[in-house]
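A.B. asks: File follows, query-v1.tsv with TSV, C-alpha atoms and all ligand atoms:
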```
chain	number	residue	atom	x	y	z
A	1	MET	CA	22.65	-7.04	7.44
A	2	ILE	CA	19.54	-8.68	8.87
A	3	ILE	CA	19.71	-11.47	11.45
A	4	ILE	CA	16.57	-13.55	11.55
A	5	LEU	CA	16.23	-15.51	14.77
A	6	GLU	CA	14.73	-18.95	15.06
A	7	PRO	CA	11.03	-18.67	15.90
A	8	GLN	CA	11.38	-19.91	19.50
A	9	VAL	CA	14.12	-17.38	20.29
A	10	THR	CA	12.32	-14.38	21.69
A	11	SER	CA	13.21	-11.51	23.98
A	12	GLY	CA	14.48	-12.67	27.39
A	13	SER	CA	15.54	-16.18	26.41
A	14	GLU	CA	19.12	-17.27	27.06
A	15	GLU	CA	20.05	-17.54	23.38
A	16	TYR	CA	18.52	-14.12	22.73
A	17	ASN	CA	20.58	-12.55	25.52
A	18	LYS	CA	23.77	-14.14	24.21
A	19	ILE	CA	23.14	-12.86	20.69
A	20	MET	CA	22.53	-9.38	22.11
A	21	ALA	CA	25.73	-9.53	24.13
A	22	PHE	CA	27.60	-10.48	20.95
A	23	LEU	CA	26.08	-7.56	19.04
A	24	GLU	CA	26.81	-5.03	21.80
A	25	LYS	CA	30.50	-5.76	21.41
A	26	LEU	CA	30.64	-5.04	17.68
A	27	PRO	CA	32.41	-1.72	17.06
A	28	ASN	CA	30.46	0.96	15.13
A	29	VAL	CA	27.47	-1.26	14.61
A	30	GLN	CA	24.03	-0.34	15.91
A	31	HIS	CA	21.02	-2.57	15.83
A	32	ARG	CA	17.28	-2.22	15.68
A	33	ILE	CA	14.92	-5.04	16.58
A	34	HIS	CA	11.68	-5.83	14.84
A	35	ALA	CA	9.39	-8.54	16.18
A	36	GLU	CA	6.79	-9.73	13.69
A	37	VAL	CA	4.05	-11.17	15.87
A	38	GLY	CA	2.06	-13.76	13.95
A	39	GLU	CA	-0.71	-16.09	15.06
A	40	GLN	CA	1.53	-19.16	15.01
A	41	GLN	CA	4.87	-17.66	15.99
A	42	THR	CA	6.86	-14.49	16.56
A	43	LEU	CA	9.71	-13.83	14.16
A	44	THR	CA	12.42	-11.57	15.48
A	45	GLU	CA	14.58	-9.71	13.00
A	46	ILE	CA	17.61	-7.69	14.00
A	47	TYR	CA	18.73	-4.96	11.63
A	48	LEU	CA	22.40	-4.08	11.84
A	49	ILE	CA	23.45	-0.65	10.66
A	50	GLY	CA	26.84	1.05	10.53
A	51	ASP	CA	30.12	-0.71	9.71
A	52	THR	CA	28.58	-4.02	8.74
A	53	HIS	CA	30.75	-4.79	5.70
A	54	THR	CA	33.52	-6.24	7.86
A	55	LEU	CA	31.20	-8.61	9.74
A	56	ASP	CA	31.58	-12.32	9.14
A	57	LYS	CA	28.23	-13.66	7.99
A	58	GLU	CA	29.22	-17.28	8.72
A	59	GLU	CA	30.24	-16.43	12.29
A	60	ILE	CA	26.90	-14.80	13.03
A	61	GLN	CA	25.05	-17.57	11.25
A	62	ALA	CA	26.72	-20.07	13.60
A	63	LEU	CA	25.47	-18.38	16.80
A	64	PRO	CA	22.91	-20.54	18.64
A	65	GLY	CA	19.39	-19.22	17.98
A	66	VAL	CA	20.20	-17.56	14.68
A	67	GLY	CA	18.01	-18.83	11.85
A	68	ARG	CA	19.35	-16.92	8.89
A	69	VAL	CA	21.58	-13.98	8.07
A	70	VAL	CA	20.77	-11.79	5.08
A	71	ARG	CA	23.16	-9.26	3.61
A	72	VAL	CA	21.12	-6.33	2.37
A	73	SER	CA	21.99	-3.73	-0.20
A	74	ARG	CA	22.06	-0.18	1.10
A	75	GLU	CA	18.66	0.66	-0.27
A	76	TYR	CA	15.23	-0.16	1.06
A	77	ARG	CA	16.62	-2.34	3.82
A	78	VAL	CA	13.29	-3.52	5.12
A	79	LEU	CA	11.06	-3.41	2.05
A	80	GLY	CA	13.67	-4.11	-0.61
A	81	ARG	CA	14.50	-7.37	-2.31
A	82	HIS	CA	17.99	-8.51	-1.46
A	83	ALA	CA	20.15	-11.06	-3.21
A	84	ASP	CA	19.97	-13.83	-0.58
A	85	ASP	CA	16.51	-13.19	0.76
A	86	ASP	CA	13.90	-14.80	-1.42
A	87	GLN	CA	12.25	-16.45	1.58
A	88	ARG	CA	10.97	-13.30	3.27
A	89	THR	CA	7.44	-12.69	2.14
A	90	SER	CA	5.75	-9.47	1.15
A	91	ALA	CA	2.34	-10.76	2.10
A	92	PHE	CA	0.21	-9.51	4.93
A	93	GLU	CA	-3.32	-10.07	6.00
A	94	TYR	CA	-5.58	-7.36	7.31
A	95	ASN	CA	-9.14	-7.86	8.50
A	96	GLY	CA	-9.43	-11.09	6.52
A	97	VAL	CA	-8.05	-9.67	3.25
A	98	THR	CA	-4.66	-10.77	1.93
A	99	PHE	CA	-2.27	-8.37	0.23
A	100	SER	CA	0.80	-9.63	-1.60
A	101	GLN	CA	2.64	-9.42	-4.89
A	102	ASP	CA	0.45	-12.29	-6.12
A	103	THR	CA	-3.04	-11.17	-5.09
A	104	LEU	CA	-5.38	-8.61	-6.64
A	105	ASN	CA	-7.81	-6.43	-4.67
A	106	VAL	CA	-10.06	-3.75	-6.15
A	107	PHE	CA	-10.83	-0.62	-4.11
A	108	ALA	CA	-13.60	1.11	-6.05
A	109	GLY	CA	-15.32	3.95	-4.23
A	110	LEU	CA	-15.80	7.65	-3.67
A	111	CYS	CA	-12.89	10.05	-4.11
A	112	ALA	CA	-14.56	12.13	-1.40
A	113	VAL	CA	-17.38	11.20	0.93
A	114	ASP	CA	-20.20	13.68	0.38
A	115	THR	CA	-23.52	12.25	1.59
A	116	PRO	CA	-24.53	9.08	3.49
A	117	GLU	CA	-26.85	8.25	0.55
A	118	HIS	CA	-23.96	8.17	-1.93
A	119	VAL	CA	-21.82	6.11	0.44
A	120	GLU	CA	-24.66	3.61	0.81
A	121	ILE	CA	-25.33	3.34	-2.94
A	122	MET	CA	-21.63	2.70	-3.51
A	123	MET	CA	-21.24	0.07	-0.82
A	124	LYS	CA	-24.43	-1.73	-1.74
A	125	ALA	CA	-23.25	-1.98	-5.36
A	126	LEU	CA	-19.88	-3.33	-4.21
A	127	GLN	CA	-21.51	-6.00	-2.08
A	128	ALA	CA	-23.68	-7.05	-5.02
A	129	GLU	CA	-20.47	-7.60	-6.99
A	130	GLY	CA	-18.81	-9.58	-4.19
A	131	GLN	CA	-16.34	-6.81	-3.37
A	132	VAL	CA	-15.05	-6.31	0.18
A	133	CYS	CA	-12.81	-3.25	-0.26
A	134	THR	CA	-13.51	0.38	-1.11
A	135	ARG	CA	-12.03	3.86	-1.11
A	136	MET	CA	-13.64	6.71	0.85
A	137	GLY	CA	-11.93	10.09	1.15
A	138	ALA	CA	-12.71	11.98	4.34
A	139	TYR	CA	-9.65	14.22	4.54
A	140	LYS	CA	-8.98	15.77	1.14
A	141	PRO	CA	-5.73	17.58	0.32
A	142	ARG	CA	-6.88	20.29	-2.12
A	143	THR	CA	-4.85	22.58	-4.34
A	144	ASN	CA	-7.26	25.45	-3.72
A	145	PRO	CA	-7.75	26.49	-0.07
A	146	TYR	CA	-11.37	27.42	-0.78
A	147	ALA	CA	-12.24	24.02	-2.29
A	148	PHE	CA	-14.15	21.40	-0.26
A	149	GLN	CA	-11.66	19.89	2.19
A	150	GLY	CA	-13.60	16.71	3.02
A	151	HIS	CA	-16.04	16.07	5.85
A	152	GLY	CA	-13.21	14.84	8.08
A	153	LYS	CA	-14.15	13.09	11.29
A	154	ASP	CA	-17.81	14.11	10.99
A	155	CYS	CA	-18.46	11.44	8.36
A	156	LEU	CA	-16.43	8.60	9.84
A	157	ASN	CA	-19.12	7.00	11.98
A	158	TYR	CA	-21.65	6.63	9.19
A	159	VAL	CA	-19.02	5.52	6.70
A	160	PHE	CA	-17.84	2.76	9.05
A	161	GLU	CA	-21.36	1.70	10.01
A	162	LEU	CA	-22.44	1.44	6.38
A	163	ALA	CA	-19.26	-0.50	5.58
A	164	GLY	CA	-20.21	-3.00	8.28
A	165	LYS	CA	-23.74	-3.23	6.91
A	166	TYR	CA	-22.49	-4.12	3.42
A	167	GLY	CA	-19.63	-6.43	4.37
A	168	ILE	CA	-16.81	-4.04	3.47
A	169	LYS	CA	-13.63	-5.18	5.22
A	170	VAL	CA	-11.06	-2.58	4.19
A	171	ILE	CA	-11.51	1.12	3.35
A	172	SER	CA	-8.62	3.05	1.86
A	173	MET	CA	-8.72	6.49	3.46
A	174	GLU	CA	-6.18	9.25	3.05
A	175	VAL	CA	-4.74	10.92	6.14
A	176	THR	CA	-2.97	14.25	5.87
A	177	HIS	CA	-2.14	14.74	9.54
A	178	GLU	CA	-1.23	12.36	12.34
A	179	SER	CA	-4.30	13.42	14.33
A	180	HIS	CA	-6.42	11.77	11.64
A	181	ILE	CA	-5.14	8.36	12.71
A	182	ASP	CA	-6.52	8.95	16.20
A	183	GLU	CA	-9.82	10.20	14.80
A	184	ILE	CA	-10.17	7.10	12.62
A	185	HIS	CA	-9.23	4.89	15.54
A	186	ALA	CA	-11.75	6.57	17.85
A	187	ALA	CA	-14.54	6.27	15.26
A	188	LEU	CA	-13.80	2.59	14.66
A	189	GLU	CA	-13.91	1.97	18.42
A	190	ALA	CA	-17.12	4.00	18.82
A	191	THR	CA	-18.85	2.04	16.07
A	192	GLY	CA	-17.63	-1.36	17.30
A	193	LYS	CA	-15.02	-1.91	14.55
A	194	PRO	CA	-17.45	-2.88	11.80
A	195	THR	CA	-14.72	-2.54	9.15
A	196	GLY	CA	-11.00	-1.89	8.70
A	197	VAL	CA	-9.00	1.04	7.34
A	198	MET	CA	-5.93	1.20	5.14
A	199	LEU	CA	-4.29	4.57	5.77
A	200	GLN	CA	-3.49	6.32	2.51
A	201	ILE	CA	-0.56	8.71	2.08
A	202	GLY	CA	-1.38	10.93	-0.90
A	203	THR	CA	1.04	12.00	-3.58
A	204	ARG	CA	1.29	15.49	-2.07
A	205	ASN	CA	2.55	13.99	1.19
A	206	THR	CA	4.88	11.29	-0.10
A	207	GLN	CA	7.84	13.15	1.37
A	208	ASN	CA	6.11	14.50	4.46
A	209	PHE	CA	8.58	12.64	6.63
A	210	GLU	CA	6.99	13.48	9.97
A	211	LEU	CA	3.64	12.15	8.73
A	212	LEU	CA	5.39	9.04	7.41
A	213	LYS	CA	7.03	8.48	10.80
A	214	SER	CA	3.71	8.81	12.63
A	215	VAL	CA	1.94	6.44	10.27
A	216	GLY	CA	4.90	4.05	10.37
A	217	ARG	CA	5.03	3.98	14.17
A	218	GLN	CA	1.58	2.43	14.42
A	219	ASN	CA	1.11	-1.17	13.44
A	220	GLU	CA	-2.63	-1.54	13.56
A	221	TYR	CA	-3.48	-0.13	10.14
A	222	PRO	CA	-1.77	-1.04	6.87
A	223	VAL	CA	-0.67	1.78	4.62
A	224	LEU	CA	-1.05	2.66	0.96
A	225	ILE	CA	1.65	5.14	0.00
A	226	LYS	CA	1.31	6.86	-3.35
A	227	ARG	CA	4.28	7.68	-5.50
A	228	GLY	CA	5.17	11.38	-5.36
A	229	PHE	CA	4.00	13.00	-8.59
A	230	GLY	CA	7.14	15.08	-9.12
A	231	ILE	CA	9.97	13.02	-7.66
A	232	THR	CA	11.93	9.99	-8.80
A	233	LEU	CA	10.78	6.45	-8.21
A	234	GLU	CA	13.79	5.94	-5.95
A	235	GLU	CA	12.78	8.88	-3.78
A	236	SER	CA	9.25	7.52	-3.48
A	237	LEU	CA	10.47	4.03	-2.57
A	238	ASN	CA	12.65	5.59	0.12
A	239	ALA	CA	9.53	7.32	1.43
A	240	ALA	CA	7.86	3.89	1.71
A	241	GLU	CA	10.93	2.64	3.53
A	242	TYR	CA	10.37	5.39	6.14
A	243	LEU	CA	7.14	3.62	7.11
A	244	ALA	CA	8.83	0.26	7.42
A	245	SER	CA	11.88	1.62	9.22
A	246	GLU	CA	9.53	2.89	11.92
A	247	GLY	CA	8.04	-0.58	12.30
A	248	ASN	CA	5.05	-0.86	9.96
A	249	ARG	CA	5.69	-3.26	7.11
A	250	LYS	CA	2.14	-3.63	5.93
A	251	VAL	CA	2.82	-1.26	3.08
A	252	VAL	CA	1.35	-1.13	-0.43
A	253	PHE	CA	2.99	1.12	-3.01
A	254	GLY	CA	0.68	3.09	-5.31
A	255	LEU	CA	1.38	4.34	-8.84
A	256	ARG	CA	-0.88	7.25	-9.80
A	257	GLY	CA	0.80	8.98	-12.73
A	258	MET	CA	3.39	11.74	-12.92
A	259	LYS	CA	2.74	15.45	-13.15
A	260	THR	CA	4.05	16.62	-16.51
A	261	ASN	CA	2.46	18.21	-19.55
A	262	MET	CA	3.95	15.35	-21.55
A	263	GLY	CA	1.00	13.34	-20.26
A	264	ASP	CA	-1.57	15.68	-21.83
A	265	PRO	CA	-4.44	15.28	-22.48
A	266	HIS	CA	-4.42	12.98	-19.45
A	267	ARG	CA	-4.26	14.58	-16.01
A	268	ASN	CA	-0.94	12.81	-15.36
A	269	LEU	CA	1.49	10.72	-17.37
A	270	VAL	CA	0.44	7.14	-16.65
A	271	ASP	CA	3.38	5.24	-15.14
A	272	PHE	CA	1.99	1.71	-14.86
A	273	SER	CA	4.93	0.21	-16.75
A	274	HIS	CA	6.66	0.60	-13.38
A	275	VAL	CA	4.45	-2.10	-11.79
A	276	PRO	CA	6.99	-4.89	-12.43
A	277	THR	CA	9.87	-2.52	-11.63
A	278	VAL	CA	8.56	-1.84	-8.12
A	279	LYS	CA	7.90	-5.58	-7.63
A	280	ARG	CA	11.47	-6.34	-8.67
A	281	LEU	CA	13.08	-3.71	-6.43
A	282	THR	CA	10.90	-4.28	-3.37
A	283	ARG	CA	8.59	-6.85	-1.81
A	284	MET	CA	5.62	-4.48	-1.67
A	285	PRO	CA	2.30	-5.24	-3.35
A	286	VAL	CA	1.76	-2.60	-6.05
A	287	CYS	CA	-1.41	-0.57	-6.47
A	288	ILE	CA	-2.46	1.39	-9.54
A	289	ASP	CA	-4.77	4.40	-9.49
A	290	PRO	CA	-6.10	4.85	-13.03
A	291	SER	CA	-8.53	7.62	-11.98
A	292	HIS	CA	-5.97	10.14	-10.76
A	293	SER	CA	-3.62	9.14	-13.60
A	294	VAL	CA	-6.02	9.59	-16.50
A	295	GLY	CA	-8.31	12.13	-14.86
A	296	THR	CA	-11.04	12.18	-17.50
A	297	ARG	CA	-13.87	10.06	-18.91
A	298	SER	CA	-12.44	10.25	-22.42
A	299	ARG	CA	-13.27	7.27	-24.56
A	300	CYS	CA	-11.20	5.85	-27.38
A	301	CYS	CA	-12.68	5.19	-30.82
A	302	ASP	CA	-12.65	1.47	-29.91
A	303	GLY	CA	-15.44	2.26	-27.42
A	304	ILE	CA	-13.29	1.74	-24.31
A	305	LEU	CA	-12.75	4.49	-21.73
A	306	ASP	CA	-9.12	5.63	-21.24
A	307	VAL	CA	-9.51	4.78	-17.51
A	308	PHE	CA	-10.36	1.17	-18.45
A	309	HIS	CA	-7.43	0.99	-20.86
A	310	ALA	CA	-4.99	2.29	-18.22
A	311	THR	CA	-6.38	-0.08	-15.57
A	312	THR	CA	-5.95	-3.16	-17.72
A	313	GLN	CA	-2.45	-2.06	-18.72
A	314	GLY	CA	-1.52	-2.12	-15.02
A	315	ILE	CA	-3.30	-5.42	-14.36
A	316	ILE	CA	-1.73	-7.20	-17.31
A	317	ALA	CA	1.64	-6.14	-15.89
A	318	GLY	CA	0.83	-7.73	-12.52
A	319	ALA	CA	-0.68	-4.96	-10.36
A	320	ASN	CA	-1.98	-6.15	-6.98
A	321	MET	CA	-4.48	-3.46	-6.12
A	322	VAL	CA	-6.65	-0.99	-8.01
A	323	LEU	CA	-7.83	2.26	-6.44
A	324	VAL	CA	-10.54	3.78	-8.58
A	325	ASP	CA	-13.10	6.58	-8.35
A	326	PHE	CA	-16.80	5.85	-8.81
A	327	HIS	CA	-19.73	8.14	-8.06
A	328	PRO	CA	-23.52	7.66	-8.19
A	329	ASN	CA	-23.92	11.16	-9.60
A	330	PRO	CA	-20.60	12.58	-10.84
A	331	ALA	CA	-22.16	15.95	-11.68
A	332	LYS	CA	-22.86	16.39	-7.95
A	333	ALA	CA	-19.48	15.02	-6.73
A	334	LEU	CA	-17.63	17.53	-4.57
A	335	VAL	CA	-14.20	16.31	-5.73
A	336	ASP	CA	-13.01	14.82	-9.03
A	337	GLY	CA	-16.45	14.21	-10.60
A	338	PRO	CA	-15.05	14.41	-14.17
A	339	GLN	CA	-12.94	11.26	-13.71
A	340	ALA	CA	-15.50	9.17	-11.80
A	341	LEU	CA	-16.88	5.98	-13.28
A	342	LEU	CA	-20.65	5.40	-13.13
A	343	MET	CA	-22.36	2.82	-10.97
A	344	LYS	CA	-23.69	1.01	-14.04
A	345	GLU	CA	-20.07	0.62	-15.21
A	346	LEU	CA	-19.00	-1.31	-12.09
A	347	PRO	CA	-19.80	-4.87	-13.32
A	348	TYR	CA	-18.24	-4.10	-16.72
A	349	PHE	CA	-15.12	-2.60	-15.05
A	350	LEU	CA	-14.68	-5.70	-12.86
A	351	GLU	CA	-15.11	-8.02	-15.84
A	352	ASP	CA	-12.53	-6.06	-17.83
A	353	ILE	CA	-10.14	-6.49	-14.88
A	354	ARG	CA	-10.82	-10.24	-14.83
A	355	ILE	CA	-9.92	-10.50	-18.51
A	356	ALA	CA	-6.64	-8.63	-17.97
A	357	ARG	CA	-5.79	-10.62	-14.84
A	358	GLU	CA	-6.34	-13.88	-16.69
A	359	ALA	CA	-4.03	-12.64	-19.44
A	360	TYR	CA	-1.41	-11.80	-16.80
A	361	GLU	CA	-1.71	-15.28	-15.28
A	362	ARG	CA	-1.30	-16.85	-18.71
A	363	ARG	CA	1.75	-14.65	-19.33
A	364	ARG	CA	3.28	-15.86	-16.06
A	365	ALA	CA	2.63	-19.50	-16.95
A	366	LEU	CA	4.25	-18.90	-20.33
A	367	ALA	CA	7.29	-17.29	-18.67
A	368	ASP	CA	7.61	-20.30	-16.34
A	369	LYS	CA	7.93	-22.58	-19.36
A	370	GLN	CA	10.84	-20.63	-20.85
A	371	PRO	CA	14.40	-21.83	-20.34
A	372	ALA	CA	16.16	-19.79	-17.63
B	1	LIG	C1	-6.89	10.38	-3.86
B	1	LIG	O1	-6.64	9.17	-4.06
B	1	LIG	O2	-7.97	10.78	-3.44
B	1	LIG	C2	-5.86	11.39	-4.16
B	1	LIG	C3	-5.94	12.63	-3.73
B	1	LIG	O3	-4.86	10.88	-4.89
B	1	LIG	P1	-3.39	11.46	-5.13
B	1	LIG	O4	-2.76	11.62	-3.78
B	1	LIG	O5	-2.74	10.38	-5.96
B	1	LIG	O6	-3.55	12.75	-5.88
B	2	MN	MN	-9.31	12.69	-6.15
```
Represent the structure of the file as structure tokens.
Ligand code: PEP
Ligand code: MN
C.D. replies:
Amino acid sequence: MIIILEPQVTSGSEEYNKIMAFLEKLPNVQHRIHAEVGEQQTLTEIYLIGDTHTLDKEEIQALPGVGRVVRVSREYRVLGRHADDDQRTSAFEYNGVTFSQDTLNVFAGLCAVDTPEHVEIMMKALQAEGQVCTRMGAYKPRTNPYAFQGHGKDCLNYVFELAGKYGIKVISMEVTHESHIDEIHAALEATGKPTGVMLQIGTRNTQNFELLKSVGRQNEYPVLIKRGFGITLEESLNAAEYLASEGNRKVVFGLRGMKTNMGDPHRNLVDFSHVPTVKRLTRMPVCIDPSHSVGTRSRCCDGILDVFHATTQGIIAGANMVLVDFHPNPAKALVDGPQALLMKELPYFLEDIRIAREAYERRRALADKQPA
């Protein structure tokens, strides 16, 4: 059960204290408080856990200072969609960019940062196309211990400075250890916060619960959590809930394909038909990663690359974010060159996305006209 207080009822007020006193007396019920501090107002939500099935919703609803009471299903308490809770929004804003189940943001960029020159070419091209988001891998989780592990903190300053130079507002950057959050934070401070970072949890760390707790405990940076490539969707959504249960609700859920030979000749079995499923089960914006799903530059006989086909399949189903690998010189890329799109393909890729997004919007309008 979630109790949502009226906006003026904040910690220390008389009504707040009375509600707390009421809750303290409930047997076998614990509570956890989450204050969502917005520019206009602070919304306090109280999560009740334990023996909540016997509680009288109407009685709690009637307490002075209580705005609404929502009964939640057992799963995904914070991020899930619950029967009587269509008012709580999934949207969040970060560094001037809005993320929700209705928006669409493209994060085209380097799988792994290699040289300042490549970072600059990429960001300059994005600015020319009016893009304000990118992906830049500094900490790379590699299958082979002898493979390039990413430049780590050594590249952060120039990546952030160049982002500021080219108007990039959000960089998706994977972290594989909690110390990386501090390194990113320190580099942003040192460079005068020219940009923002969305912390990325990679598919290999989806169930690294201690990492999830660390990333969830901080509220400054939003998080993109990828679906685990060998676990169920439910297990991956629970992993996302770890972030929110620790306090960070600015969470985007990423589909990136499943590891199975059934997906051959693609690197992974593309799972973008789950875009609407995740939107139905939770309130998270949904990201698709066509690069790590498809994993090649194979082109169909219709002239369209498989990566483009997979991207538009996700967009036409309502995806809210696209994470995609580009590289100025894929032959020289230190990670995942074979799946990278070319700089000259960027305008074409964005136009293809626009076509698919328009089709999605028309499909929504058509659905609205159907009898319930
Ligand atoms: C990545 O996006 O760079 C990456 C490693 O992806 P994944 O965790 O999905 O393999
Ligand atoms: Mn990669």
A.B. asks: So, with only C-alpha atoms as the atoms that count, which of A:His151, A:His82, A:Lys250, A:Arg74 lies closest to Glu36 in chain A?
C.D. replies: A:Lys250
A.B. asks: Taking 3 positions as the minimum chain separation for residues in the same chain, which residues sit within 10 Å of Pro285 in chain A when counting only C-alpha atoms? Answer as a PyMOL selection string.
C.D. replies: chain A and resi 90-92+99-104+224+250-254+275+278-279+282+318-321
A.B. asks: Using all atoms listed in the file, what table do you get, as JSON lines, when you list each residue of chain A with an atom no more than 7 Å from ligand MN 2 (chain B), its nearest pair of atoms, and their distance in Å rounded to one decimal, rows by chain then rising number?
C.D. replies:
```
{"residue": "A:Cys111", "atom": "CA", "partner": "B:MN2", "partner_atom": "MN", "distance": 4.9}
{"residue": "A:His292", "atom": "CA", "partner": "B:MN2", "partner_atom": "MN", "distance": 6.2}
{"residue": "A:Val335", "atom": "CA", "partner": "B:MN2", "partner_atom": "MN", "distance": 6.1}
{"residue": "A:Asp336", "atom": "CA", "partner": "B:MN2", "partner_atom": "MN", "distance": 5.1}
```
A.B. asks: Show which residues sit within 12 Å of Ala331 in chain A, as a ChimeraX atom specification. Count only C-alpha atoms, and ignore same-chain residues fewer than 6 positions away.
C.D. replies: /A:337-342
A.B. asks: Pick out the residues no farther than 9 Å from ligand LIG 1 (chain B), counting all atoms listed in the file, and list them as number ranges by chain.
C.D. replies: A: 110-112, 135-137, 139-142, 172-174, 200-206, 225-229, 254-257, 289, 291-293, 323-325, 335-336
A.B. asks: Between A:Glu235, A:Arg283, A:Lys213, A:Ala163, which residue has the minimum interatomic distance to Arg88 in chain A, considering only C-alpha atoms?
C.D. replies: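 Result for the nearest residue to Arg88 in chain A: A:Arg283.
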A.B. asks: Do a neighbour search on Ser214 in chain A at 8 Å with all atoms listed in the file, toss out local chain neighbours closer than 4 positions, and write the hits as a PyMOL selection string.
C.D. replies: chain A and resi 178+210+218
A.B. asks: Calculated over only C-alpha atoms, which of the candidates A:Thr115, A:Tyr348, A:Gly67, A:Ser245 has the smallest distance to Ile49 in chain A?
C.D. replies: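 Of all the options, A:Ser245 lies closest to Ile49 in chain A.
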A.B. asks: One number please: CA of His185 in chain A to CA of Val170 in chain A, in Å, one decimal.
C.D. replies: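 Taking CA of His185 in chain A and CA of Val170 in chain A, their separation equals 13.7 Å.
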A.B. asks: Could you tell me how far CA of Ala356 in chain A sits from CA of His327 in chain A, in Å to one decimal place?
C.D. replies: 23.5 Å
A.B. asks: Any idea what's packed within 9 Å of Arg249 in chain A, counting only C-alpha atoms, ignoring anything in its chain fewer than 5 positions away? Could you give it as a PyMOL selection string?
C.D. replies: chain A and resi 78-79+90+92+216+219+222-223+241+243-244+284
A.B. asks: Which residue gives the smallest distance to Glu117 in chain A among A:Ile231, A:Met262, A:Cys301, A:Val159, with all atoms listed in the file counted?
C.D. replies: A:Val159
A.B. asks: Separation of CA of Met123 in chain A and CA of Gly167 in chain A, in Å?
C.D. replies: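 Distance between the two atoms: 8.5 Å.
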A.B. asks: For Leu350 in chain A, which of A:Leu233, A:Ala367, A:Ile168, A:Ala125 is the closest residue, counting all atoms listed in the file?
C.D. replies: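 Result for the nearest residue to Leu350 in chain A: A:Ala125.
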A.B. asks: To test the calculation: enclose all listed atoms of range 210-223 of chain A in a box whose edges run along x, y and z, add 4 Å on each side, then state centre and edge lengths in Å to one decimal, as lines of an AutoDock Vina configuration file.
C.D. replies:
```
center_x = 1.8
center_y = 6.0
center_z = 9.5
size_x = 18.5
size_y = 23.0
size_z = 17.8
```
A.B. asks: Rank A:Leu162, A:Leu63, A:Val294, A:Ile33 by their smallest atom-to-atom distance to Glu246 in chain A, using only C-alpha atoms, and report the top residue only.
C.D. replies: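 Of A:Leu162, A:Leu63, A:Val294, A:Ile33, the one nearest Glu246 in chain A is A:Ile33, counting only C-alpha atoms.
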A.B. asks: Write out as a ChimeraX atom specification each polymer residue whose atoms come within 9 Å of Tyr242 in chain A, counting all atoms listed in the file; drop sequence neighbours fewer than 5 positions from it.
C.D. replies: /A:76,209,212-213,216,237,247
A.B. asks: Up to 12 Å from (-16.8, 12.1, 8.6) in the file's coordinates: name the residues, counting all atoms listed in the file, as a count of residues only.
C.D. replies: 31
A.B. asks: Which range 290-336 of chain A residues have any atom within 12 Å of an atom of range 344-347 of chain A, and for each, what is the nearest pair of atoms with distance in Å to one decimal, counting only C-alpha atoms, rows sorted by chain and number, as JSON lines?
C.D. replies:
```
{"residue": "A:Arg297", "atom": "CA", "partner": "A:Glu345", "partner_atom": "CA", "distance": 11.9}
{"residue": "A:Ile304", "atom": "CA", "partner": "A:Glu345", "partner_atom": "CA", "distance": 11.4}
{"residue": "A:Leu305", "atom": "CA", "partner": "A:Glu345", "partner_atom": "CA", "distance": 10.5}
{"residue": "A:Val307", "atom": "CA", "partner": "A:Glu345", "partner_atom": "CA", "distance": 11.6}
{"residue": "A:Phe308", "atom": "CA", "partner": "A:Glu345", "partner_atom": "CA", "distance": 10.3}
{"residue": "A:Val324", "atom": "CA", "partner": "A:Leu346", "partner_atom": "CA", "distance": 10.5}
{"residue": "A:Asp325", "atom": "CA", "partner": "A:Leu346", "partner_atom": "CA", "distance": 10.5}
{"residue": "A:Phe326", "atom": "CA", "partner": "A:Leu346", "partner_atom": "CA", "distance": 8.2}
{"residue": "A:His327", "atom": "CA", "partner": "A:Lys344", "partner_atom": "CA", "distance": 10.1}
{"residue": "A:Pro328", "atom": "CA", "partner": "A:Lys344", "partner_atom": "CA", "distance": 8.9}
{"residue": "A:Asn329", "atom": "CA", "partner": "A:Lys344", "partner_atom": "CA", "distance": 11.1}
```
A.B. asks: Those selected residues, please, written with C-alpha atoms and delivered as a PDB file, in the coordinates of the input.
C.D. replies:
```pdb
ATOM      1  CA  ARG A 297     -13.870  10.060 -18.910  1.00  0.00           C
ATOM      2  CA  ILE A 304     -13.290   1.740 -24.310  1.00  0.00           C
ATOM      3  CA  LEU A 305     -12.750   4.490 -21.730  1.00  0.00           C
ATOM      4  CA  VAL A 307      -9.510   4.780 -17.510  1.00  0.00           C
ATOM      5  CA  PHE A 308     -10.360   1.170 -18.450  1.00  0.00           C
ATOM      6  CA  VAL A 324     -10.540   3.780  -8.580  1.00  0.00           C
ATOM      7  CA  ASP A 325     -13.100   6.580  -8.350  1.00  0.00           C
ATOM      8  CA  PHE A 326     -16.800   5.850  -8.810  1.00  0.00           C
ATOM      9  CA  HIS A 327     -19.730   8.140  -8.060  1.00  0.00           C
ATOM     10  CA  PRO A 328     -23.520   7.660  -8.190  1.00  0.00           C
ATOM     11  CA  ASN A 329     -23.920  11.160  -9.600  1.00  0.00           C
TER      12      ASN A 329
END
```
A.B. asks: Output range 262-272 of chain A from the block with C-alpha atoms, as an mmCIF file, in the first residue's frame?
C.D. replies:
```cif
data_model
loop_
_atom_site.group_PDB
_atom_site.id
_atom_site.type_symbol
_atom_site.label_atom_id
_atom_site.label_comp_id
_atom_site.auth_asym_id
_atom_site.auth_seq_id
_atom_site.Cartn_x
_atom_site.Cartn_y
_atom_site.Cartn_z
ATOM 1 C CA MET A 262 17.981 -19.139 -31.645
ATOM 2 C CA GLY A 263 18.787 -15.533 -32.504
ATOM 3 C CA ASP A 264 21.527 -16.494 -34.978
ATOM 4 C CA PRO A 265 22.790 -14.975 -37.189
ATOM 5 C CA HIS A 266 22.144 -11.950 -34.977
ATOM 6 C CA ARG A 267 24.322 -11.496 -31.901
ATOM 7 C CA ASN A 268 21.226 -11.768 -29.685
ATOM 8 C CA LEU A 269 17.563 -12.609 -30.183
ATOM 9 C CA VAL A 270 15.892 -9.216 -30.606
ATOM 10 C CA ASP A 271 13.221 -8.785 -27.923
ATOM 11 C CA PHE A 272 11.642 -5.464 -28.896
#
```
